[in-house]
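Here is the file final_38.cif (mmCIF, C-alpha atoms).
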```
data_entry
loop_
_atom_site.group_PDB
_atom_site.id
_atom_site.type_symbol
_atom_site.label_atom_id
_atom_site.label_comp_id
_atom_site.auth_asym_id
_atom_site.auth_seq_id
_atom_site.Cartn_x
_atom_site.Cartn_y
_atom_site.Cartn_z
ATOM 1 C CA MET X 1 38.162 29.687 -78.601
ATOM 2 C CA SER X 2 35.968 31.972 -76.522
ATOM 3 C CA PHE X 3 33.820 29.117 -75.213
ATOM 4 C CA GLU X 4 36.900 27.597 -73.630
ATOM 5 C CA ARG X 5 37.657 30.819 -71.782
ATOM 6 C CA ALA X 6 34.020 31.063 -70.663
ATOM 7 C CA ALA X 7 34.207 27.478 -69.383
ATOM 8 C CA GLU X 8 37.449 28.278 -67.549
ATOM 9 C CA ILE X 9 35.769 31.273 -65.925
ATOM 10 C CA SER X 10 32.801 29.212 -64.811
ATOM 11 C CA VAL X 11 35.108 26.611 -63.232
ATOM 12 C CA TYR X 12 36.928 29.436 -61.422
ATOM 13 C CA LEU X 13 33.652 30.965 -60.192
ATOM 14 C CA LYS X 14 32.476 27.686 -58.676
ATOM 15 C CA LYS X 15 34.207 28.400 -55.374
ATOM 16 C CA TYR X 16 32.360 31.665 -54.759
ATOM 17 C CA THR X 17 29.130 32.462 -52.934
ATOM 18 C CA VAL X 18 26.988 35.499 -53.728
ATOM 19 C CA GLY X 19 24.169 36.686 -51.487
ATOM 20 C CA ILE X 20 21.136 38.255 -53.131
ATOM 21 C CA ALA X 21 18.747 40.204 -50.898
ATOM 22 C CA GLY X 22 15.351 40.327 -52.614
ATOM 23 C CA CYS X 23 14.089 38.328 -55.600
ATOM 24 C CA GLY X 24 12.114 40.898 -57.592
ATOM 25 C CA GLY X 25 13.177 42.656 -60.775
ATOM 26 C CA LEU X 26 16.770 43.210 -59.654
ATOM 27 C CA GLY X 27 17.340 40.004 -57.689
ATOM 28 C CA SER X 28 15.776 37.478 -60.062
ATOM 29 C CA ASN X 29 17.547 38.854 -63.134
ATOM 30 C CA CYS X 30 20.885 39.311 -61.337
ATOM 31 C CA ALA X 31 20.738 35.754 -59.936
ATOM 32 C CA VAL X 32 20.121 34.313 -63.397
ATOM 33 C CA ALA X 33 23.087 36.217 -64.871
ATOM 34 C CA LEU X 34 25.381 34.994 -62.078
ATOM 35 C CA ALA X 35 24.118 31.410 -62.455
ATOM 36 C CA ARG X 36 24.815 31.515 -66.198
ATOM 37 C CA ALA X 37 28.334 32.799 -65.515
ATOM 38 C CA GLY X 38 28.902 29.861 -63.170
ATOM 39 C CA VAL X 39 28.938 31.307 -59.640
ATOM 40 C CA GLY X 40 28.975 28.227 -57.390
ATOM 41 C CA ARG X 41 26.525 29.195 -54.661
ATOM 42 C CA LEU X 42 23.723 31.722 -54.461
ATOM 43 C CA VAL X 43 21.981 32.652 -51.202
ATOM 44 C CA ILE X 44 18.610 34.165 -52.096
ATOM 45 C CA ALA X 45 15.962 35.590 -49.769
ATOM 46 C CA ASP X 46 12.486 37.039 -50.251
ATOM 47 C CA TYR X 47 9.099 36.632 -48.534
ATOM 48 C CA ASP X 48 6.866 37.359 -51.507
ATOM 49 C CA ILE X 49 4.930 35.163 -53.938
ATOM 50 C CA VAL X 50 4.901 35.458 -57.725
ATOM 51 C CA THR X 51 1.920 37.461 -59.037
ATOM 52 C CA ILE X 52 0.841 38.311 -62.580
ATOM 53 C CA HIS X 53 2.064 41.894 -61.988
ATOM 54 C CA ASN X 54 5.648 40.654 -61.530
ATOM 55 C CA LEU X 55 5.873 39.035 -64.951
ATOM 56 C CA ASN X 56 6.510 42.315 -66.809
ATOM 57 C CA ARG X 57 10.070 42.403 -65.460
ATOM 58 C CA GLN X 58 10.930 39.571 -63.073
ATOM 59 C CA TYR X 59 12.458 36.239 -64.070
ATOM 60 C CA TYR X 60 9.370 34.092 -63.464
ATOM 61 C CA PHE X 61 6.873 32.300 -65.661
ATOM 62 C CA HIS X 62 3.093 32.411 -65.899
ATOM 63 C CA ASP X 63 2.757 28.892 -64.512
ATOM 64 C CA GLN X 64 4.667 29.972 -61.365
ATOM 65 C CA ILE X 65 2.028 32.478 -60.224
ATOM 66 C CA GLY X 66 1.164 31.865 -56.576
ATOM 67 C CA ARG X 67 4.469 30.197 -55.719
ATOM 68 C CA LEU X 68 7.074 31.582 -53.358
ATOM 69 C CA LYS X 69 9.562 33.635 -55.351
ATOM 70 C CA VAL X 70 12.556 31.980 -53.705
ATOM 71 C CA HIS X 71 11.316 28.507 -54.686
ATOM 72 C CA ALA X 72 10.363 29.533 -58.221
ATOM 73 C CA LEU X 73 13.721 31.291 -58.699
ATOM 74 C CA ARG X 74 15.695 28.323 -57.391
ATOM 75 C CA GLU X 75 13.859 26.108 -59.880
ATOM 76 C CA ASN X 76 14.534 28.512 -62.775
ATOM 77 C CA ILE X 77 18.223 28.795 -61.865
ATOM 78 C CA GLN X 78 18.574 25.029 -61.687
ATOM 79 C CA ARG X 79 16.917 24.621 -65.077
ATOM 80 C CA ILE X 80 19.570 26.990 -66.483
ATOM 81 C CA ASN X 81 22.581 25.663 -64.575
ATOM 82 C CA PRO X 82 22.099 22.608 -62.357
ATOM 83 C CA ASP X 83 25.667 22.998 -61.018
ATOM 84 C CA VAL X 84 24.679 26.083 -59.013
ATOM 85 C CA SER X 85 23.778 25.420 -55.393
ATOM 86 C CA VAL X 86 20.911 27.707 -54.373
ATOM 87 C CA LYS X 87 20.086 28.349 -50.730
ATOM 88 C CA ALA X 88 16.596 29.844 -50.621
ATOM 89 C CA PHE X 89 15.248 31.664 -47.559
ATOM 90 C CA ASP X 90 11.560 32.524 -47.340
ATOM 91 C CA LEU X 91 11.727 35.527 -45.027
ATOM 92 C CA LYS X 92 11.493 39.285 -44.797
ATOM 93 C CA LEU X 93 15.112 40.211 -44.141
ATOM 94 C CA CYS X 94 15.986 42.223 -41.064
ATOM 95 C CA THR X 95 19.356 43.456 -39.793
ATOM 96 C CA SER X 96 20.285 40.262 -37.945
ATOM 97 C CA ASP X 97 19.230 38.022 -40.885
ATOM 98 C CA ILE X 98 21.523 39.991 -43.180
ATOM 99 C CA VAL X 99 24.518 39.364 -40.947
ATOM 100 C CA ASP X 100 23.545 35.695 -40.430
ATOM 101 C CA LEU X 101 22.830 34.829 -44.067
ATOM 102 C CA TYR X 102 25.331 36.983 -45.893
ATOM 103 C CA SER X 103 28.448 37.450 -43.749
ATOM 104 C CA LYS X 104 29.983 34.316 -45.282
ATOM 105 C CA CYS X 105 29.194 35.374 -48.859
ATOM 106 C CA ASP X 106 31.953 36.851 -51.006
ATOM 107 C CA VAL X 107 29.741 39.655 -52.326
ATOM 108 C CA ILE X 108 26.237 40.861 -51.421
ATOM 109 C CA VAL X 109 23.729 42.174 -53.964
ATOM 110 C CA GLU X 110 21.030 44.529 -52.693
ATOM 111 C CA ALA X 111 17.879 43.849 -54.705
ATOM 112 C CA PHE X 112 15.027 45.319 -52.657
ATOM 113 C CA ASP X 113 12.315 47.538 -54.081
ATOM 114 C CA LYS X 114 11.729 49.930 -51.177
ATOM 115 C CA ALA X 115 14.169 52.743 -50.354
ATOM 116 C CA GLU X 116 13.828 52.051 -46.597
ATOM 117 C CA MET X 117 14.969 48.451 -47.114
ATOM 118 C CA LYS X 118 17.883 49.637 -49.274
ATOM 119 C CA TYR X 119 18.875 51.967 -46.441
ATOM 120 C CA MET X 120 18.582 49.147 -43.900
ATOM 121 C CA ILE X 121 20.927 46.789 -45.756
ATOM 122 C CA ILE X 122 23.456 49.526 -46.587
ATOM 123 C CA GLU X 123 23.606 50.639 -42.948
ATOM 124 C CA THR X 124 23.839 47.024 -41.736
ATOM 125 C CA VAL X 125 26.607 45.959 -44.103
ATOM 126 C CA LEU X 126 28.635 49.172 -43.742
ATOM 127 C CA THR X 127 28.553 49.043 -39.942
ATOM 128 C CA LYS X 128 28.439 45.312 -39.114
ATOM 129 C CA ILE X 129 30.346 43.658 -41.998
ATOM 130 C CA PRO X 130 32.195 46.629 -43.544
ATOM 131 C CA ASP X 131 34.759 44.572 -45.445
ATOM 132 C CA LYS X 132 32.033 42.900 -47.512
ATOM 133 C CA PRO X 133 31.450 44.336 -50.988
ATOM 134 C CA LEU X 134 27.808 45.451 -51.388
ATOM 135 C CA VAL X 135 26.385 46.126 -54.860
ATOM 136 C CA VAL X 136 23.172 48.183 -54.749
ATOM 137 C CA GLY X 137 20.636 49.130 -57.423
ATOM 138 C CA VAL X 138 19.285 52.667 -57.132
ATOM 139 C CA GLY X 139 17.073 54.355 -59.756
ATOM 140 C CA MET X 140 15.764 52.363 -62.717
ATOM 141 C CA ALA X 141 12.082 53.236 -63.100
ATOM 142 C CA GLY X 142 10.658 54.183 -66.498
ATOM 143 C CA TRP X 143 12.108 53.704 -69.961
ATOM 144 C CA GLY X 144 14.698 55.325 -72.240
ATOM 145 C CA ASN X 145 17.532 57.374 -70.688
ATOM 146 C CA THR X 146 19.824 54.390 -71.033
ATOM 147 C CA ASN X 147 22.848 56.695 -70.884
ATOM 148 C CA PHE X 148 21.866 57.884 -67.374
ATOM 149 C CA LEU X 149 22.520 54.429 -65.955
ATOM 150 C CA HIS X 150 25.978 54.225 -64.392
ATOM 151 C CA CYS X 151 28.116 52.695 -61.663
ATOM 152 C CA ARG X 152 29.596 54.684 -58.804
ATOM 153 C CA TYR X 153 32.159 53.393 -56.324
ATOM 154 C CA SER X 154 32.471 54.365 -52.673
ATOM 155 C CA GLU X 155 34.924 51.944 -51.038
ATOM 156 C CA ASN X 156 33.076 48.614 -50.684
ATOM 157 C CA LEU X 157 29.745 50.135 -51.723
ATOM 158 C CA ILE X 158 29.019 49.924 -55.447
ATOM 159 C CA ILE X 159 26.014 51.837 -56.740
ATOM 160 C CA CYS X 160 24.331 50.869 -60.027
ATOM 161 C CA GLY X 161 21.454 52.810 -61.600
ATOM 162 C CA ASP X 162 20.577 56.420 -62.415
ATOM 163 C CA GLU X 163 20.235 57.362 -58.692
ATOM 164 C CA SER X 164 17.128 59.422 -59.433
ATOM 165 C CA SER X 165 14.138 57.801 -61.179
ATOM 166 C CA GLU X 166 11.806 56.547 -58.470
ATOM 167 C CA VAL X 167 8.971 54.104 -59.079
ATOM 168 C CA SER X 168 5.487 55.711 -58.962
ATOM 169 C CA GLU X 169 1.985 55.320 -60.436
ATOM 170 C CA SER X 170 3.085 57.131 -63.592
ATOM 171 C CA LEU X 171 6.604 55.714 -63.706
ATOM 172 C CA PRO X 172 6.588 51.926 -63.358
ATOM 173 C CA VAL X 173 9.645 49.707 -63.322
ATOM 174 C CA LEU X 174 9.848 47.892 -66.672
ATOM 175 C CA ALA X 175 11.897 44.945 -67.874
ATOM 176 C CA PRO X 176 14.584 46.709 -69.948
ATOM 177 C CA ARG X 177 15.906 49.234 -67.414
ATOM 178 C CA VAL X 178 15.629 46.955 -64.360
ATOM 179 C CA GLY X 179 17.220 44.185 -66.424
ATOM 180 C CA ILE X 180 20.094 46.489 -67.380
ATOM 181 C CA VAL X 181 20.691 47.497 -63.758
ATOM 182 C CA ALA X 182 20.396 43.881 -62.514
ATOM 183 C CA ASN X 183 22.974 42.847 -65.108
ATOM 184 C CA MET X 184 25.195 45.828 -64.196
ATOM 185 C CA GLN X 185 25.099 44.542 -60.617
ATOM 186 C CA ALA X 186 25.988 41.024 -61.810
ATOM 187 C CA ASN X 187 28.807 42.512 -63.885
ATOM 188 C CA GLU X 188 30.203 44.357 -60.852
ATOM 189 C CA VAL X 189 30.010 41.095 -58.863
ATOM 190 C CA LEU X 190 32.015 39.312 -61.566
ATOM 191 C CA LYS X 191 34.555 42.135 -61.586
ATOM 192 C CA ILE X 192 35.121 41.578 -57.865
ATOM 193 C CA LEU X 193 35.204 37.763 -58.068
ATOM 194 C CA LEU X 194 37.476 37.694 -61.108
ATOM 195 C CA LYS X 195 39.979 40.217 -59.740
ATOM 196 C CA GLU X 196 42.645 37.547 -59.306
ATOM 197 C CA PHE X 197 41.562 35.296 -62.151
ATOM 198 C CA LYS X 198 44.556 34.291 -64.237
ATOM 199 C CA PRO X 199 43.530 32.676 -67.501
ATOM 200 C CA VAL X 200 45.561 29.763 -68.755
ATOM 201 C CA ASP X 201 47.229 30.918 -71.964
ATOM 202 C CA VAL X 202 45.982 29.023 -74.977
ATOM 203 C CA MET Z 1 36.840 75.237 -47.008
ATOM 204 C CA LYS Z 2 37.331 72.969 -49.979
ATOM 205 C CA ILE Z 3 35.909 69.425 -49.926
ATOM 206 C CA ILE Z 4 35.320 66.587 -52.339
ATOM 207 C CA LEU Z 5 31.560 65.975 -52.602
ATOM 208 C CA ASN Z 6 30.562 62.951 -54.694
ATOM 209 C CA ASN Z 7 33.931 62.952 -56.466
ATOM 210 C CA LYS Z 8 33.717 66.679 -57.315
ATOM 211 C CA SER Z 9 35.671 69.490 -55.714
ATOM 212 C CA GLU Z 10 33.408 72.045 -53.974
ATOM 213 C CA THR Z 11 34.275 75.260 -52.148
ATOM 214 C CA PHE Z 12 32.238 76.784 -49.309
ATOM 215 C CA ASP Z 13 32.601 80.087 -47.446
ATOM 216 C CA ASN Z 14 32.225 78.295 -44.084
ATOM 217 C CA ASP Z 15 35.275 76.716 -42.450
ATOM 218 C CA HIS Z 16 33.149 73.782 -41.286
ATOM 219 C CA LEU Z 17 29.585 72.548 -41.757
ATOM 220 C CA SER Z 18 27.434 69.889 -40.148
ATOM 221 C CA ILE Z 19 25.996 67.269 -42.495
ATOM 222 C CA THR Z 20 22.549 68.830 -41.964
ATOM 223 C CA GLU Z 21 23.904 72.253 -43.000
ATOM 224 C CA LEU Z 22 25.787 70.835 -45.981
ATOM 225 C CA LEU Z 23 22.691 68.957 -47.220
ATOM 226 C CA ALA Z 24 20.605 72.138 -46.895
ATOM 227 C CA LEU Z 25 23.175 74.221 -48.825
ATOM 228 C CA LYS Z 26 23.270 71.620 -51.606
ATOM 229 C CA ASN Z 27 19.468 71.291 -51.654
ATOM 230 C CA PHE Z 28 19.488 67.599 -50.760
ATOM 231 C CA THR Z 29 15.984 67.699 -49.348
ATOM 232 C CA PHE Z 30 15.259 63.987 -49.652
ATOM 233 C CA LYS Z 31 14.562 61.701 -46.733
ATOM 234 C CA MET Z 32 16.505 58.572 -47.663
ATOM 235 C CA LEU Z 33 20.138 59.632 -47.754
ATOM 236 C CA VAL Z 34 23.271 57.587 -47.206
ATOM 237 C CA VAL Z 35 26.176 59.826 -46.169
ATOM 238 C CA LYS Z 36 29.831 58.984 -45.681
ATOM 239 C CA ILE Z 37 32.627 61.272 -44.487
ATOM 240 C CA ASN Z 38 36.097 60.022 -45.471
ATOM 241 C CA GLY Z 39 34.696 56.539 -46.072
ATOM 242 C CA GLU Z 40 32.865 56.272 -42.735
ATOM 243 C CA LEU Z 41 29.080 55.966 -42.691
ATOM 244 C CA VAL Z 42 27.301 58.766 -40.845
ATOM 245 C CA ARG Z 43 24.009 57.563 -39.395
ATOM 246 C CA ARG Z 44 20.945 59.723 -39.812
ATOM 247 C CA HIS Z 45 20.706 60.696 -36.143
ATOM 248 C CA GLU Z 46 24.286 62.004 -36.346
ATOM 249 C CA PHE Z 47 23.672 64.444 -39.229
ATOM 250 C CA ASP Z 48 23.372 67.460 -36.877
ATOM 251 C CA LYS Z 49 26.569 66.792 -34.980
ATOM 252 C CA SER Z 50 28.830 65.285 -37.670
ATOM 253 C CA VAL Z 51 31.126 67.971 -38.999
ATOM 254 C CA VAL Z 52 32.713 68.342 -42.428
ATOM 255 C CA ARG Z 53 36.010 70.200 -42.549
ATOM 256 C CA ASP Z 54 38.467 71.384 -45.178
ATOM 257 C CA GLY Z 55 39.927 68.492 -47.164
ATOM 258 C CA ASP Z 56 37.196 65.998 -46.257
ATOM 259 C CA GLU Z 57 35.680 63.650 -48.784
ATOM 260 C CA VAL Z 58 31.901 63.361 -48.580
ATOM 261 C CA MET Z 59 29.655 60.849 -50.341
ATOM 262 C CA VAL Z 60 25.908 61.419 -50.516
ATOM 263 C CA LEU Z 61 23.610 58.811 -52.037
ATOM 264 C CA HIS Z 62 19.897 59.483 -52.441
ATOM 265 C CA LEU Z 63 17.955 56.230 -52.234
ATOM 266 C CA VAL Z 64 14.855 55.892 -54.386
ATOM 267 C CA SER Z 65 12.356 53.019 -54.456
ATOM 268 C CA GLY Z 66 12.166 50.556 -57.333
ATOM 269 C CA GLY Z 67 13.706 47.229 -58.086
#
```

Re-express the file's structure as structure tokens.
Amino acid sequence: MSFERAAEISVYLKKYTVGIAGCGGLGSNCAVALARAGVGRLVIADYDIVTIHNLNRQYYFHDQIGRLKVHALRENIQRINPDVSVKAFDLKLCTSDIVDLYSKCDVIVEAFDKAEMKYMIIETVLTKIPDKPLVVGVGMAGWGNTNFLHCRYSENLIICGDESSEVSESLPVLAPRVGIVANMQANEVLKILLKEFKPVDV
Amino acid sequence: MKIILNNKSETFDNDHLSITELLALKNFTFKMLVVKINGELVRRHEFDKSVVRDGDEVMVLHLVSGG
């Protein structure tokens, strides 16, 4: 009865909190996957609004254009799983915000678009809250090359992506590859949260 | 010296190298690099003075934009 095991997992995941930094292609898709799995609390942050250019890959709808991403994403998550508590922060994250918002989370997901912001959160977490697992997404622009996408582990830093394809005018980020990487990140989060999960034998 | 660089064994003629020298030898010419020596983050302003020695484990991650 696989649905029973899935239900057991979602009950188990209820006690956990996952922080998601950024609500674009990585963050919105990763948050939805974690909400479906049953993670109890999500702490999401972004300062941007939904535009028509986001809809090719981000988990928003046409009628949400113009709304704050954090509010639109909270609404979408609650339509999928009303049991998830979503804390939404409308702000451009800086070093001190990351410590304030995410130091109580069980795992942090890096979901920024710009390399400088990725650097900022990696440096912050590794120096200020080094025991916290941080799952980053690096390299997912373009299409094809599915087999180049991988996970790499460096202590509490988990790297998902191909680590090379950078977004540019000629190489946009598209739904399939960013969706794969966002779901790889969610999968790594589950691996961490379910490390001590002991299923009841049926 | 022999080190582990990104999970692979690598041998160099030098008996030690700074991070800046190691990155140059390996042609890591990118700006946005995360570097760890034996699990400890090396900040960018320390690349010239942080030294890699025989037996060290080095992790280099090149950050690219997109997400």

>> Rounded to one decimal, what separation in Å do you get between CA of Phe3 (chain X) and CA of Asn187 (chain X)?
In response: 18.2 Å

>> Can you work out which residues from chain Z touch chain X at a cut-off of 6 Å (counting all atoms listed in the file) and hand them back as an MDAnalysis selection string?
In response: chainID Z and resid 63:67

>> Assuming the chain letters and numbering stay as they are in my file, what does the PyMOL selection byres ((chain Z and resi 19) around 8) actually select? List them as a PyMOL selection string.
In response: chain Z and resi 17-18+20-23+47-52

Write the residues of the preceding selection, restricted to C-alpha atoms, as a CSV table (one decimal), in the coordinates of the input.
```
chain,number,residue,atom,x,y,z
Z,17,LEU,CA,29.6,72.5,-41.8
Z,18,SER,CA,27.4,69.9,-40.1
Z,20,THR,CA,22.5,68.8,-42.0
Z,21,GLU,CA,23.9,72.3,-43.0
Z,22,LEU,CA,25.8,70.8,-46.0
Z,23,LEU,CA,22.7,69.0,-47.2
Z,47,PHE,CA,23.7,64.4,-39.2
Z,48,ASP,CA,23.4,67.5,-36.9
Z,49,LYS,CA,26.6,66.8,-35.0
Z,50,SER,CA,28.8,65.3,-37.7
Z,51,VAL,CA,31.1,68.0,-39.0
Z,52,VAL,CA,32.7,68.3,-42.4
```

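Residues matching the PyMOL selection byres ((chain Z and resi 9) around 12) in this structure come to Met1, Lys2, Ile3, Ile4, Leu5, Asn6, Asn7, Lys8, Glu10, Thr11, Phe12, Asp54, Gly55, Asp56, Glu57, Val58 and Met59 of chain Z.
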
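For the pair CA of His62 (chain Z) and CA of Lys36 (chain Z), the interatomic distance is 12.0 Å.
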
> Just how far from CA of Thr124 (chain X) is CA of Leu41 (chain Z), in Å to one decimal?
Replying inline: 10.4 Å

> Do you know which residues the PyMOL selection byres ((chain X and resi 104) around 12) returns on this file, as a PyMOL selection string?
Replying inline: chain X and resi 16-19+41-43+98-103+105-108+129+131-133

When you look at Ala6 (chain X) with a cut-off of 12 Å (counting only C-alpha atoms), what residues show up, excluding the ones that are within fewer than 3 positions of it in the same chain? I need them as a PDB file with C-alpha atoms, keeping the file's coordinate frame.
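Okay, result-v5.pdb is ready:
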```pdb
ATOM      1  CA  MET X   1      38.162  29.687 -78.601  1.00  0.00           C
ATOM      2  CA  SER X   2      35.968  31.972 -76.522  1.00  0.00           C
ATOM      3  CA  PHE X   3      33.820  29.117 -75.213  1.00  0.00           C
ATOM      4  CA  ILE X   9      35.769  31.273 -65.925  1.00  0.00           C
ATOM      5  CA  SER X  10      32.801  29.212 -64.811  1.00  0.00           C
ATOM      6  CA  VAL X  11      35.108  26.611 -63.232  1.00  0.00           C
ATOM      7  CA  TYR X  12      36.928  29.436 -61.422  1.00  0.00           C
ATOM      8  CA  LEU X  13      33.652  30.965 -60.192  1.00  0.00           C
ATOM      9  CA  ARG X  36      24.815  31.515 -66.198  1.00  0.00           C
ATOM     10  CA  ALA X  37      28.334  32.799 -65.515  1.00  0.00           C
ATOM     11  CA  GLY X  38      28.902  29.861 -63.170  1.00  0.00           C
ATOM     12  CA  PRO X 199      43.530  32.676 -67.501  1.00  0.00           C
ATOM     13  CA  VAL X 200      45.561  29.763 -68.755  1.00  0.00           C
TER      14      VAL X 200
END
```

> If we count all atoms listed in the file, what is near region 47-55 of chain X at a cut-off of 8 Å, once residues fewer than 6 positions away on the same chain are taken out, given as JSON, numbers by chain?
Replying inline: {"X": [24, 25, 61, 62, 64, 65, 66, 67, 68, 69, 70, 89, 90, 91, 92]}

What would the file look like if the residues just selected were written as an mmCIF file, in the frame of the given file with C-alpha atoms?
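The resulting result_13.cif:
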```cif
data_model
loop_
_atom_site.group_PDB
_atom_site.id
_atom_site.type_symbol
_atom_site.label_atom_id
_atom_site.label_comp_id
_atom_site.auth_asym_id
_atom_site.auth_seq_id
_atom_site.Cartn_x
_atom_site.Cartn_y
_atom_site.Cartn_z
ATOM 1 C CA GLY X 24 12.114 40.898 -57.592
ATOM 2 C CA GLY X 25 13.177 42.656 -60.775
ATOM 3 C CA PHE X 61 6.873 32.300 -65.661
ATOM 4 C CA HIS X 62 3.093 32.411 -65.899
ATOM 5 C CA GLN X 64 4.667 29.972 -61.365
ATOM 6 C CA ILE X 65 2.028 32.478 -60.224
ATOM 7 C CA GLY X 66 1.164 31.865 -56.576
ATOM 8 C CA ARG X 67 4.469 30.197 -55.719
ATOM 9 C CA LEU X 68 7.074 31.582 -53.358
ATOM 10 C CA LYS X 69 9.562 33.635 -55.351
ATOM 11 C CA VAL X 70 12.556 31.980 -53.705
ATOM 12 C CA PHE X 89 15.248 31.664 -47.559
ATOM 13 C CA ASP X 90 11.560 32.524 -47.340
ATOM 14 C CA LEU X 91 11.727 35.527 -45.027
ATOM 15 C CA LYS X 92 11.493 39.285 -44.797
#
```

Please rebuild region 97-113 of chain X with N, CA and C atoms and return the result as a PDB file, keeping the file's coordinate frame.
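The file below, selection_30.pdb, is the result:
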```
ATOM      1  N   ASP X  97      19.228  39.017 -39.798  1.00  0.00           N
ATOM      2  CA  ASP X  97      19.230  38.022 -40.885  1.00  0.00           C
ATOM      3  C   ASP X  97      20.349  38.326 -41.876  1.00  0.00           C
ATOM      4  N   ILE X  98      20.534  39.610 -42.169  1.00  0.00           N
ATOM      5  CA  ILE X  98      21.523  39.991 -43.180  1.00  0.00           C
ATOM      6  C   ILE X  98      22.919  39.563 -42.730  1.00  0.00           C
ATOM      7  N   VAL X  99      23.218  39.791 -41.462  1.00  0.00           N
ATOM      8  CA  VAL X  99      24.518  39.364 -40.947  1.00  0.00           C
ATOM      9  C   VAL X  99      24.599  37.837 -40.963  1.00  0.00           C
ATOM     10  N   ASP X 100      23.534  37.165 -40.497  1.00  0.00           N
ATOM     11  CA  ASP X 100      23.545  35.695 -40.430  1.00  0.00           C
ATOM     12  C   ASP X 100      23.691  35.055 -41.812  1.00  0.00           C
ATOM     13  N   LEU X 101      22.873  35.507 -42.765  1.00  0.00           N
ATOM     14  CA  LEU X 101      22.830  34.829 -44.067  1.00  0.00           C
ATOM     15  C   LEU X 101      23.985  35.220 -44.972  1.00  0.00           C
ATOM     16  N   TYR X 102      24.442  36.471 -44.859  1.00  0.00           N
ATOM     17  CA  TYR X 102      25.331  36.983 -45.893  1.00  0.00           C
ATOM     18  C   TYR X 102      26.770  37.241 -45.448  1.00  0.00           C
ATOM     19  N   SER X 103      27.077  37.096 -44.144  1.00  0.00           N
ATOM     20  CA  SER X 103      28.448  37.450 -43.749  1.00  0.00           C
ATOM     21  C   SER X 103      29.481  36.464 -44.307  1.00  0.00           C
ATOM     22  N   LYS X 104      29.032  35.264 -44.691  1.00  0.00           N
ATOM     23  CA  LYS X 104      29.983  34.316 -45.282  1.00  0.00           C
ATOM     24  C   LYS X 104      30.017  34.391 -46.810  1.00  0.00           C
ATOM     25  N   CYS X 105      29.179  35.226 -47.394  1.00  0.00           N
ATOM     26  CA  CYS X 105      29.194  35.374 -48.859  1.00  0.00           C
ATOM     27  C   CYS X 105      30.393  36.222 -49.277  1.00  0.00           C
ATOM     28  N   ASP X 106      30.832  36.054 -50.511  1.00  0.00           N
ATOM     29  CA  ASP X 106      31.953  36.851 -51.006  1.00  0.00           C
ATOM     30  C   ASP X 106      31.507  38.255 -51.397  1.00  0.00           C
ATOM     31  N   VAL X 107      30.301  38.359 -51.927  1.00  0.00           N
ATOM     32  CA  VAL X 107      29.741  39.655 -52.326  1.00  0.00           C
ATOM     33  C   VAL X 107      28.248  39.611 -52.005  1.00  0.00           C
ATOM     34  N   ILE X 108      27.682  40.769 -51.664  1.00  0.00           N
ATOM     35  CA  ILE X 108      26.237  40.861 -51.421  1.00  0.00           C
ATOM     36  C   ILE X 108      25.624  41.787 -52.470  1.00  0.00           C
ATOM     37  N   VAL X 109      24.479  41.347 -53.011  1.00  0.00           N
ATOM     38  CA  VAL X 109      23.729  42.174 -53.964  1.00  0.00           C
ATOM     39  C   VAL X 109      22.458  42.652 -53.274  1.00  0.00           C
ATOM     40  N   GLU X 110      22.272  43.954 -53.224  1.00  0.00           N
ATOM     41  CA  GLU X 110      21.030  44.529 -52.693  1.00  0.00           C
ATOM     42  C   GLU X 110      20.031  44.560 -53.825  1.00  0.00           C
ATOM     43  N   ALA X 111      18.863  43.920 -53.617  1.00  0.00           N
ATOM     44  CA  ALA X 111      17.879  43.849 -54.705  1.00  0.00           C
ATOM     45  C   ALA X 111      16.467  44.071 -54.167  1.00  0.00           C
ATOM     46  N   PHE X 112      16.346  44.989 -53.220  1.00  0.00           N
ATOM     47  CA  PHE X 112      15.027  45.319 -52.657  1.00  0.00           C
ATOM     48  C   PHE X 112      14.323  46.317 -53.558  1.00  0.00           C
ATOM     49  N   ASP X 113      13.017  46.490 -53.330  1.00  0.00           N
ATOM     50  CA  ASP X 113      12.315  47.538 -54.081  1.00  0.00           C
ATOM     51  C   ASP X 113      12.176  48.831 -53.276  1.00  0.00           C
TER      52      ASP X 113
END
```
